[in-house]
Every structure is written in structure tokens, then in C-alpha cells.
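Content type compact mmCIF, C-alpha atoms and all ligand atoms, from the file protein_3.txt:
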# COMPACT_ATOMS: atom_id res chain seq x y z
CA MET D 24 -47.98 -5.20 3.51
CA SER D 25 -49.40 -6.88 6.59
CA ALA D 26 -46.89 -8.67 8.83
CA HIS D 27 -49.61 -11.24 9.40
CA ALA D 28 -49.93 -14.21 7.09
CA VAL D 29 -53.42 -14.88 8.44
CA ARG D 30 -55.96 -12.60 10.11
CA THR D 31 -59.54 -13.33 11.00
CA GLU D 32 -62.03 -11.16 12.84
CA GLY D 33 -65.34 -12.44 14.11
CA LEU D 34 -65.08 -15.60 11.99
CA SER D 35 -68.27 -17.60 12.41
CA MET D 36 -69.52 -20.72 10.72
CA SER D 37 -72.72 -22.74 10.88
CA TYR D 38 -73.52 -26.08 9.29
CA GLY D 39 -77.28 -25.75 8.81
CA ASP D 40 -78.57 -24.48 12.14
CA LYS D 41 -75.57 -25.78 14.07
CA GLN D 42 -73.05 -23.01 14.78
CA VAL D 43 -69.53 -24.43 15.12
CA LEU D 44 -67.37 -21.26 15.04
CA HIS D 45 -68.35 -18.30 17.21
CA GLY D 46 -66.43 -15.12 16.36
CA VAL D 47 -62.88 -16.48 16.04
CA ASP D 48 -60.13 -13.81 15.94
CA LEU D 49 -56.74 -15.02 14.73
CA ALA D 50 -53.53 -13.13 13.96
CA ILE D 51 -50.72 -15.35 12.68
CA PRO D 52 -47.44 -13.51 12.11
CA ALA D 53 -45.55 -14.30 8.90
CA GLY D 54 -42.62 -16.65 9.48
CA GLU D 55 -44.03 -18.40 12.57
CA ILE D 56 -45.19 -21.94 13.26
CA VAL D 57 -48.58 -21.84 14.95
CA ALA D 58 -50.36 -24.89 16.37
CA LEU D 59 -54.13 -24.92 16.57
CA LEU D 60 -55.12 -27.19 19.47
CA GLY D 61 -58.47 -28.26 20.81
CA PRO D 62 -60.62 -31.27 21.63
CA ASN D 63 -62.41 -33.28 18.93
CA GLY D 64 -65.12 -31.18 17.34
CA ALA D 65 -63.63 -27.84 18.50
CA GLY D 66 -63.68 -26.48 14.95
CA LYS D 67 -60.01 -26.76 13.96
CA THR D 68 -60.53 -28.44 10.58
CA THR D 69 -63.44 -26.13 9.76
CA THR D 70 -61.21 -23.11 10.49
CA MET D 71 -58.37 -24.51 8.37
CA GLU D 72 -60.73 -25.27 5.47
CA ILE D 73 -62.09 -21.71 5.53
CA LEU D 74 -58.54 -20.28 5.54
CA GLU D 75 -57.56 -22.62 2.68
CA GLY D 76 -60.51 -21.39 0.61
CA PHE D 77 -62.13 -24.85 0.53
CA ARG D 78 -65.11 -23.80 2.60
CA GLY D 79 -67.22 -20.63 2.80
CA ARG D 80 -68.02 -18.89 6.09
CA SER D 81 -71.19 -17.58 7.66
CA ALA D 82 -69.81 -14.28 9.01
CA GLY D 83 -66.64 -12.35 9.79
CA SER D 84 -63.62 -11.20 7.82
CA VAL D 85 -60.69 -13.38 6.71
CA SER D 86 -57.39 -12.35 5.17
CA VAL D 87 -54.82 -14.95 4.09
CA LEU D 88 -51.65 -13.56 2.50
CA GLY D 89 -53.57 -10.31 2.08
CA GLU D 90 -56.55 -11.79 0.21
CA ASP D 91 -59.97 -13.19 1.04
CA PRO D 92 -59.77 -16.96 0.38
CA GLN D 93 -63.40 -16.95 -0.76
CA THR D 94 -62.61 -14.76 -3.76
CA ALA D 95 -58.84 -15.21 -4.28
CA GLY D 96 -57.72 -16.75 -7.58
CA GLU D 97 -55.25 -19.38 -8.74
CA ALA D 98 -52.21 -17.11 -8.30
CA TRP D 99 -53.07 -16.81 -4.58
CA ARG D 100 -53.65 -20.58 -4.36
CA SER D 101 -50.14 -21.18 -5.69
CA ARG D 102 -48.76 -19.21 -2.71
CA ILE D 103 -50.31 -21.56 -0.15
CA GLY D 104 -49.66 -25.26 0.43
CA VAL D 105 -52.14 -27.67 1.95
CA VAL D 106 -51.53 -31.07 3.53
CA LEU D 107 -54.91 -32.59 4.35
CA GLN D 108 -55.57 -35.27 6.99
CA HIS D 109 -56.50 -37.88 4.38
CA TRP D 110 -56.80 -38.06 0.67
CA GLU D 111 -56.76 -41.24 -1.34
CA ASP D 112 -56.57 -40.12 -4.98
CA HIS D 113 -54.07 -41.29 -7.59
CA ALA D 114 -53.33 -44.63 -5.87
CA ASN D 115 -51.75 -46.21 -8.96
CA TRP D 116 -49.53 -43.26 -9.86
CA ARG D 117 -45.86 -43.40 -9.13
CA VAL D 118 -44.47 -40.83 -6.69
CA GLY D 119 -42.11 -39.18 -9.19
CA GLU D 120 -44.65 -38.90 -12.00
CA PHE D 121 -47.25 -37.47 -9.62
CA LEU D 122 -44.86 -34.74 -8.43
CA ARG D 123 -43.82 -33.97 -12.03
CA LEU D 124 -47.47 -33.51 -12.97
CA LEU D 125 -48.02 -31.17 -10.03
CA HIS D 126 -44.88 -29.27 -11.01
CA ASP D 127 -46.27 -28.71 -14.52
CA HIS D 128 -49.54 -27.48 -13.03
CA TYR D 129 -47.81 -24.94 -10.75
CA ARG D 130 -45.12 -23.77 -13.19
CA PRO D 131 -47.23 -21.00 -14.82
CA PHE D 132 -47.61 -19.35 -11.39
CA GLY D 133 -43.92 -19.03 -10.55
CA ASP D 134 -40.89 -20.93 -9.42
CA ALA D 135 -42.41 -24.39 -8.82
CA TRP D 136 -40.14 -26.84 -7.01
CA ASP D 137 -38.40 -29.29 -9.34
CA ALA D 138 -39.81 -32.81 -8.69
CA GLU D 139 -36.36 -34.42 -8.35
CA GLU D 140 -35.12 -31.77 -5.91
CA LEU D 141 -38.31 -32.10 -3.90
CA LEU D 142 -37.97 -35.91 -3.72
CA ALA D 143 -34.52 -35.37 -2.23
CA ALA D 144 -35.72 -32.64 0.16
CA VAL D 145 -38.39 -34.91 1.69
CA GLY D 146 -36.20 -38.05 1.59
CA LEU D 147 -38.19 -40.00 -1.00
CA GLU D 148 -35.58 -40.49 -3.74
CA SER D 149 -35.71 -44.27 -3.33
CA GLN D 150 -39.50 -44.22 -3.76
CA ARG D 151 -39.46 -42.27 -7.05
CA ASP D 152 -40.93 -45.22 -9.02
CA THR D 153 -43.08 -46.63 -6.22
CA PRO D 154 -46.87 -46.56 -6.74
CA ILE D 155 -48.48 -44.24 -4.19
CA LYS D 156 -50.74 -47.03 -2.88
CA VAL D 157 -47.82 -49.10 -1.58
CA LEU D 158 -46.05 -46.32 0.35
CA SER D 159 -45.74 -46.84 4.10
CA GLY D 160 -47.59 -44.39 6.39
CA GLY D 161 -44.45 -42.29 6.96
CA GLN D 162 -43.52 -42.27 3.26
CA ARG D 163 -47.08 -41.31 2.41
CA ARG D 164 -46.97 -38.31 4.78
CA ARG D 165 -43.69 -37.23 3.19
CA MET D 166 -45.30 -37.43 -0.23
CA ASP D 167 -48.31 -35.45 1.02
CA LEU D 168 -45.89 -32.83 2.32
CA ALA D 169 -44.03 -32.78 -1.01
CA ALA D 170 -47.34 -32.25 -2.83
CA GLY D 171 -48.15 -29.34 -0.49
CA LEU D 172 -44.74 -27.80 -1.10
CA ILE D 173 -44.51 -28.06 -4.87
CA GLY D 174 -45.52 -24.42 -5.51
CA ARG D 175 -42.90 -23.18 -2.96
CA PRO D 176 -45.69 -21.86 -0.70
CA GLU D 177 -45.23 -18.92 1.66
CA LEU D 178 -47.87 -20.43 3.94
CA LEU D 179 -48.37 -24.12 4.63
CA PHE D 180 -51.42 -25.69 6.28
CA LEU D 181 -50.79 -29.04 7.97
CA ASP D 182 -53.80 -30.93 9.33
CA GLU D 183 -52.56 -33.49 11.89
CA PRO D 184 -49.35 -33.98 9.91
CA SER D 185 -47.77 -36.83 11.86
CA ASN D 186 -50.92 -38.72 12.83
CA GLY D 187 -50.28 -42.47 12.73
CA LEU D 188 -46.50 -42.27 12.32
CA ASP D 189 -44.14 -44.35 14.44
CA PRO D 190 -41.89 -42.38 16.84
CA VAL D 191 -38.86 -42.36 14.51
CA SER D 192 -40.85 -41.31 11.42
CA ARG D 193 -42.66 -38.71 13.54
CA ARG D 194 -39.40 -37.21 14.73
CA ASP D 195 -37.98 -37.17 11.17
CA PHE D 196 -41.15 -35.55 9.88
CA GLN D 197 -41.07 -32.89 12.59
CA GLU D 198 -37.46 -32.10 11.77
CA LEU D 199 -38.43 -31.66 8.14
CA VAL D 200 -41.23 -29.25 9.09
CA ALA D 201 -38.92 -27.25 11.40
CA LYS D 202 -36.32 -27.03 8.60
CA LEU D 203 -38.89 -25.68 6.13
CA ASN D 204 -39.72 -22.92 8.55
CA ARG D 205 -36.13 -22.20 9.62
CA ASP D 206 -34.38 -22.38 6.26
CA LEU D 207 -37.10 -21.25 3.86
CA GLY D 208 -39.14 -19.00 6.15
CA VAL D 209 -42.41 -20.83 5.41
CA THR D 210 -45.23 -19.79 7.77
CA ILE D 211 -46.95 -22.91 9.08
CA LEU D 212 -50.40 -23.34 10.61
CA MET D 213 -50.89 -26.86 11.92
CA THR D 214 -53.47 -28.79 13.87
CA THR D 215 -52.36 -31.62 16.10
CA HIS D 216 -53.51 -33.67 19.06
CA ASP D 217 -49.85 -34.41 19.88
CA LEU D 218 -48.96 -31.85 22.53
CA HIS D 219 -45.29 -32.81 22.52
CA GLU D 220 -45.24 -32.11 18.80
CA ALA D 221 -46.89 -28.72 19.33
CA GLU D 222 -44.47 -27.85 22.12
CA ARG D 223 -41.50 -28.90 20.05
CA LEU D 224 -42.44 -27.10 16.83
CA ALA D 225 -44.75 -24.19 17.52
CA ASP D 226 -43.75 -20.59 18.26
CA ARG D 227 -47.32 -19.92 19.28
CA ILE D 228 -50.32 -21.95 20.38
CA VAL D 229 -54.00 -21.21 19.78
CA VAL D 230 -56.47 -23.27 21.82
CA LEU D 231 -59.93 -23.58 20.33
CA ILE D 232 -62.79 -25.05 22.31
CA GLY D 233 -66.43 -25.16 21.30
CA GLY D 234 -65.66 -22.93 18.31
CA ARG D 235 -64.13 -20.13 20.42
CA VAL D 236 -60.51 -19.14 21.05
CA LEU D 237 -59.88 -20.09 24.66
CA ALA D 238 -56.25 -18.96 24.81
CA GLU D 239 -53.43 -17.85 22.56
CA GLY D 240 -49.70 -17.27 23.11
CA THR D 241 -46.32 -18.91 23.51
CA VAL D 242 -46.08 -22.07 25.60
CA ALA D 243 -44.33 -20.09 28.37
CA ALA D 244 -46.97 -17.33 28.34
CA LEU D 245 -49.84 -19.81 28.51
CA SER D 246 -48.17 -21.64 31.36
CA GLU D 247 -47.70 -18.36 33.24
CA GLU D 248 -51.28 -17.31 32.55
CA MET D 249 -52.48 -20.55 34.09
CA GLY D 250 -50.27 -20.07 37.15
CA GLU D 251 -48.54 -23.38 36.42
CA ARG D 252 -45.74 -24.35 38.77
CA ALA D 253 -42.42 -26.02 38.10
CA GLU D 254 -41.92 -29.50 39.53
CA VAL D 255 -38.87 -30.01 41.77
CA ARG D 256 -37.67 -33.50 42.77
CA TRP D 257 -34.85 -34.40 45.16
CA THR D 258 -33.74 -36.96 47.74
CA GLU D 259 -33.78 -35.99 51.42
CA ASP D 260 -33.24 -38.26 54.43
CA GLY D 261 -33.06 -41.20 52.03
CA ARG D 262 -36.51 -40.48 50.59
CA ARG D 263 -37.48 -39.17 47.17
CA ARG D 264 -39.40 -35.86 47.45
CA ILE D 265 -41.50 -33.97 44.93
CA GLU D 266 -42.97 -30.46 45.16
CA ARG D 267 -44.49 -27.93 42.77
CA SER D 268 -43.40 -24.33 43.13
CA ALA D 269 -43.91 -21.00 41.39
CA ASP D 270 -40.39 -20.07 42.57
CA PRO D 271 -38.24 -23.22 42.22
CA LEU D 272 -34.96 -21.38 42.99
CA ASP D 273 -36.29 -20.27 46.35
CA LEU D 274 -37.47 -23.80 47.09
CA ILE D 275 -34.06 -25.25 46.16
CA ASP D 276 -32.32 -22.70 48.41
CA ARG D 277 -34.50 -23.75 51.32
CA VAL D 278 -33.90 -27.44 50.69
CA ARG D 279 -30.17 -26.83 50.32
CA ALA D 280 -30.09 -25.03 53.67
CA ARG D 281 -31.94 -27.96 55.26
CA CYS D 282 -29.62 -30.53 53.70
CA GLY D 283 -26.35 -28.86 54.70
CA GLY D 284 -25.43 -27.27 51.37
CA THR D 285 -26.03 -30.02 48.79
CA VAL D 286 -29.22 -31.41 47.33
CA ALA D 287 -29.11 -35.03 46.19
CA ASP D 288 -30.68 -36.18 42.87
CA LEU D 289 -32.08 -32.72 42.11
CA GLU D 290 -34.37 -32.43 39.08
CA VAL D 291 -36.40 -29.38 38.01
CA ARG D 292 -39.04 -29.64 35.32
CA ARG D 293 -41.12 -26.68 34.13
CA SER D 294 -44.76 -27.47 33.42
CA SER D 295 -45.22 -28.98 29.98
CA LEU D 296 -47.69 -27.80 27.36
CA GLU D 297 -49.62 -30.97 28.19
CA ASP D 298 -49.97 -29.91 31.86
CA THR D 299 -51.06 -26.42 30.81
CA TYR D 300 -53.45 -27.60 28.11
CA LEU D 301 -55.15 -30.18 30.32
CA ALA D 302 -55.58 -27.65 33.12
CA MET D 303 -56.93 -25.10 30.65
CA VAL D 304 -59.47 -27.45 29.10
CA ALA D 305 -60.55 -28.75 32.51
CA ARG D 306 -61.13 -25.19 33.74
CA ALA D 307 -62.99 -24.25 30.57
CA LEU D 308 -65.22 -27.29 30.87
CA ALA D 309 -65.85 -26.44 34.52
CA GLY D 310 -66.81 -22.91 33.41
CA GLU D 311 -64.07 -21.31 35.46
CA THR D 312 -62.09 -18.21 34.61
CA LEU D 313 -58.72 -18.83 32.94
CA ARG D 314 -56.84 -16.50 35.24
CA ALA D 315 -55.03 -18.13 38.10
CA ASP D 316 -56.09 -16.98 41.54
CA GLU D 317 -54.58 -13.61 42.40
CA GLU D 318 -53.97 -14.71 45.96
CA ASP D 319 -50.62 -16.34 46.50
CA GLU D 320 -51.30 -19.60 48.23
CA ALA D 321 -48.67 -20.98 50.56
CA ASP D 322 -46.72 -23.83 49.00
CA PRO D 323 -48.08 -27.15 50.23
CA ALA D 324 -45.78 -29.48 52.11
CA PRO D 325 -43.69 -31.69 49.80
CA SER D 326 -45.11 -35.08 49.00
CA GLU D 327 -43.18 -38.27 48.58
CA GLU D 328 -42.74 -39.46 45.03
CA ARG D 329 -44.69 -42.57 44.12
CA ARG D 330 -42.54 -45.37 42.92
N1 LIG D 401 -69.57 -31.06 6.73
C1 LIG D 401 -70.12 -30.92 7.95
N2 LIG D 401 -71.45 -30.88 8.12
C2 LIG D 401 -72.01 -30.73 9.34
N3 LIG D 401 -71.29 -30.62 10.48
C3 LIG D 401 -69.96 -30.65 10.38
C4 LIG D 401 -69.29 -30.81 9.11
N4 LIG D 401 -67.95 -30.80 9.33
C5 LIG D 401 -67.79 -30.65 10.66
N5 LIG D 401 -68.99 -30.57 11.28
C6 LIG D 401 -69.20 -30.37 12.73
O1 LIG D 401 -68.53 -29.17 13.09
C7 LIG D 401 -67.91 -29.30 14.38
C8 LIG D 401 -66.43 -28.97 14.23
O2 LIG D 401 -65.82 -29.99 13.45
P1 LIG D 401 -64.29 -29.92 13.01
O3 LIG D 401 -64.03 -31.09 12.10
O4 LIG D 401 -64.01 -28.56 12.47
O5 LIG D 401 -63.58 -30.12 14.42
P2 LIG D 401 -62.07 -30.49 14.76
O6 LIG D 401 -61.68 -29.57 15.86
O7 LIG D 401 -61.24 -30.47 13.53
O8 LIG D 401 -62.22 -31.97 15.29
P3 LIG D 401 -61.19 -33.22 15.26
O9 LIG D 401 -60.15 -32.94 16.29
O10 LIG D 401 -62.07 -34.37 15.66
O11 LIG D 401 -60.65 -33.35 13.86
C9 LIG D 401 -68.20 -30.72 14.84
O12 LIG D 401 -69.30 -30.66 15.71
C10 LIG D 401 -68.55 -31.46 13.57
O13 LIG D 401 -69.46 -32.50 13.84
Please re-express this file's structure in C-alpha cells.
Ligand SMILES: Nc1ncnc2c1ncn2[C@@H]1O[C@H](COP(=O)(O)OP(=O)(O)OP(=O)(O)O)[C@@H](O)[C@H]1O
Amino acid sequence: MSAHAVRTEGLSMSYGDKQVLHGVDLAIPAGEIVALLGPNGAGKTTTMEILEGFRGRSAGSVSVLGEDPQTAGEAWRSRIGVVLQHWEDHANWRVGEFLRLLHDHYRPFGDAWDAEELLAAVGLESQRDTPIKVLSGGQRRRMDLAAGLIGRPELLFLDEPSNGLDPVSRRDFQELVAKLNRDLGVTILMTTHDLHEAERLADRIVVLIGGRVLAEGTVAALSEEMGERAEVRWTEDGRRRIERSADPLDLIDRVRARCGGTVADLEVRRSSLEDTYLAMVARALAGETLRADEEDEADPAPSEERR
């Protein structure tokens, strides 16, 4: 059996005469959380819909849990879970009855999640008898997640899962997603525009731009590929200093020697996914190569921090 939950080779898609995916190759290892990032219109939702079997493709091969989503049957569908960006059906149904109905639908295909247990797992026990239309945004996303989980999927697709949630609900939701992966081993492919969310949750990042994979790897590997530098801040001669360095330990040693052995208010921050992503997209838009310059530039003089 393939160790990859998802594999695509040369995946291409056109809407009429407009080509929106140009030979996308993906390899998503089973058990990982992978975040698909990219600007609006990059082709993320189209890719997800093809992998979910909701949309055909124009060319290329696709394997999801070992089958082609275009031809796979209901048994395969019960092994995947889908949480769409928006869906507005069943507004008058109550949360508990909706999950019970889904449970009955999935039961013939295996060990469907009991509706009561699932309500508890996503923290919606108090909303069991609440009509879906009056749920808050955060409760609604939890219910969407519960609906995606009912068949105990091996692979879960999340399209902008925490969009519109307040910071506390967002954090709770992210913890729930991380727990599903950690405790139940669910492979997760998610799209998000929240780079902190991607950095927090994802084992691996895929950046799509203009329907092509621009970069793929762990946050650390992408940062290294882009030649991103850590940011070092300290106080020297009563002034706050800030400098970026590829070798922060060497920089700190030099500052320490200058300051007589101690460095005041020292902070070191590695480049964030946001720094890397923005640099990557800017370079791509400027038509530059992704590789950082081979030549090692001398570190610029430290600047003073803006207050
Ligand atoms: N049903 C459709 N018919 C025609 N064009 C479409 C259709 N769906 C998407 N597109 C086009 O395909 C391209 C990719 O859209 P897609 O929704 O996959 O991007 P996305 O990366 O998910 O964007 P966003 O971040 O805004 O959700 C866009 O140019 C979009 O206008």
C-alpha cells in the first residue's frame, strides 16, 4: 500500500478555455497535516474539489487513498471527510438530529462515529437541540467538522476551516484539528490564508501560485531555501538594536564581546512562515528564481529599532 494518502502527477484543469491548474504534482504522506497556501485564485479550491471527487480534471493522474476520485465509489467516499468553505443546507434541523441522520447514512460502510460521542468530541453537547441556523460562527464550524468526521475518515479535507472565527474560537478549533491528527492519525489537507494557523498546524506546506506548485516542504526547509535570516534584537549603549543574520549565534558572540560579556534585552526570532511566504510570492511575481543568491553577502550594519 502507498504511504501517500494523496498523489497527483501532472494534474491540470481548465474551465472552458481558461487553464487554472498547470501540471500539479502532489505527494501527501499518510498521517501528516499539509497546508495548501496561495493567493486568491491560485487554484487551491479547484485542487481540493478534484481530490474530493466533486470535480473532474482535464489531464493528469490522481490517487486518493489508492483510488481515482473520478471513479471511486461510496465505500471510498466513506473513508474521506470534507469540510467545505460554506454550505447552507438543513438550516431548520437540530444539530443532534442532523448528526444522527448522517450516522445512519454512513453506518453501512463501517464504524460510523456515534452522534452523541461526536457532539462531545467537538464540544457541542449543549447545542444538541439547537437549530443549525442559530449556531454562532464557531459552533457552526464545529458542526461542519463533526459532519466531516462522522464516517471516521482516514483523510480529512478542510477548506479555510477557521475563516471568520474569533481568536479564542480559532485557537480552540485548531487544537481540535491537531488532536484529530495526533490521537486518531487522521491525514489532513487544509487550505488557509492564515499563515500563523498553517505554521502552527502543518507538518508540510505546499505553495500554489497561478495553478503551479511554487514550493513544497516543512516551514524550516522553505525558510532555508529562501535564505531567510533570523532576527536578533538587543540593547547596546542605551539603544535598541535589530539585525538579521544567517548565523545568529555568531552575531550574538560578537555583540557579547563588544558589550563586555553580557547582552541586554536579547531576543532572537527565526523568520516566520509569513516572512518566508511573502518573500516567496514577491519573488515569484517578480519572475525571480526561488533560490537565494549563492554568494554570501556581508551582514549589513545593525539598524536601530523603530519605536
Ligand atoms: N466554476 C468555475 N468556473 C470558471 N472558473 C472558475 C470556477 N471556479 C474557479 N474558477 C477560476 O479558477 C481559478 C482558481 O480558482 P480557485 O477557487 O480554485 O482558487 P483559490 O486558490 O481557491 O482561491 P481563493 O483563495 O480565492 O479561494 C480562478 O481564476 C477562478 O476564477
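Around the point (-62.5, -15.2, 19.0), within 10 Å and counting all atoms listed in the file, we find these residues: Thr31, Glu32, Gly33, Leu34, Ser35, Leu44, His45, Gly46, Val47, Asp48, Leu49, Leu231, Gly234, Arg235, Val236, Leu237 and Ala238 of chain D.
Here CA of Gly54 in chain D is placed at a distance of 9.1 Å from CA of Leu207 in chain D.
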Test item: residues lying within 10 Å of ligand LIG 401 (chain D) with only C-alpha atoms and all ligand atoms, as number ranges by chain: D: 36-44, 59-73, 78, 108, 182-183, 214-216, 231-234
Distance criterion (only C-alpha atoms): nearest to Glu75 in chain D out of D:Ala58, D:Leu181, D:Asp189, D:Ala269: D:Leu181
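Nearest residue to Leu188 in chain D, choosing from D:Arg205, D:Arg277, D:Arg163, D:His126 and counting all atoms listed in the file: D:Arg163.
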Residues within 8 Å of range 195-203 of chain D, only C-alpha atoms, excluding chain neighbours under 2 positions, as a list in words: Val145, Arg165, Ser185, Val191, Ser192, Arg193, Arg205, Asp206, Leu207, Gly208, Val209, Glu220 and Leu224 of chain D
Expected file contents, prior selection, C-alpha atoms, as an mmCIF file, in the coordinates of the input:
data_model
loop_
_atom_site.group_PDB
_atom_site.id
_atom_site.type_symbol
_atom_site.label_atom_id
_atom_site.label_comp_id
_atom_site.auth_asym_id
_atom_site.auth_seq_id
_atom_site.Cartn_x
_atom_site.Cartn_y
_atom_site.Cartn_z
ATOM 1 C CA VAL D 145 -38.390 -34.910 1.690
ATOM 2 C CA ARG D 165 -43.690 -37.230 3.190
ATOM 3 C CA SER D 185 -47.770 -36.830 11.860
ATOM 4 C CA VAL D 191 -38.860 -42.360 14.510
ATOM 5 C CA SER D 192 -40.850 -41.310 11.420
ATOM 6 C CA ARG D 193 -42.660 -38.710 13.540
ATOM 7 C CA ARG D 205 -36.130 -22.200 9.620
ATOM 8 C CA ASP D 206 -34.380 -22.380 6.260
ATOM 9 C CA LEU D 207 -37.100 -21.250 3.860
ATOM 10 C CA GLY D 208 -39.140 -19.000 6.150
ATOM 11 C CA VAL D 209 -42.410 -20.830 5.410
ATOM 12 C CA GLU D 220 -45.240 -32.110 18.800
ATOM 13 C CA LEU D 224 -42.440 -27.100 16.830
#
Selection: 12 Å around Glu139 in chain D, only C-alpha atoms, excl. self and same-chain fewer than 2 positions, as an MDAnalysis selection string: chainID D and resid 118:123 126 135:137 141:152 169 173
Point-to-point distance from CA of Ala280 in chain D to CA of Glu247 in chain D, Å rounded to tenths: 27.8 Å
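As for CA of His113 in chain D and CA of Trp99 in chain D, they are spaced 24.7 Å apart.
Minimum atom-to-atom distance to Ile155 in chain D, evaluated using only C-alpha atoms, belongs to D:Asp167 out of D:Glu97, D:Glu90, D:Asp167, D:Asp127.
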For Thr94 in chain D: contacts at 12 Å, all atoms listed in the file, fewer than 6 positions along chain excluded, given as a ChimeraX atom specification: /D:73-80,85-87,100
Residues near range 294-308 of chain D, cut-off 6 Å, all atoms listed in the file, skip fewer than 6 positions along chain, as a VMD selection string: chain D and resid 218 246 253
For those residues, write C-alpha atoms to a file as a short mmCIF file (atom, residue, chain, number, x, y, z; two decimals), in the coordinates of the input.
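Result written to result.cif:
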data_model
loop_
_atom_site.label_atom_id
_atom_site.label_comp_id
_atom_site.auth_asym_id
_atom_site.auth_seq_id
_atom_site.Cartn_x
_atom_site.Cartn_y
_atom_site.Cartn_z
CA LEU D 218 -48.96 -31.85 22.53
CA SER D 246 -48.17 -21.64 31.36
CA ALA D 253 -42.42 -26.02 38.10
#
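With only C-alpha atoms as the atoms that count, the minimum distance from Val286 in chain D to the choices D:Val255, D:Ala53, D:Ala98, D:Val29 is reached by D:Val255.
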Spatial neighbours of Ala114 in chain D, max dist 9 Å, only C-alpha atoms, sep filter under 5 positions, as an NGL selection string: :D and (154-157)
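Considering the residues D:Pro190, D:Gly104, D:Pro92, D:Gly174 and counting all atoms listed in the file, Ala138 in chain D has its shortest atom-to-atom contact with D:Gly174.
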Nearest to Gly133 in chain D by atom-to-atom distance, counting all atoms listed in the file, from D:Ser101, D:Ser81, D:Arg223, D:Arg281: D:Ser101
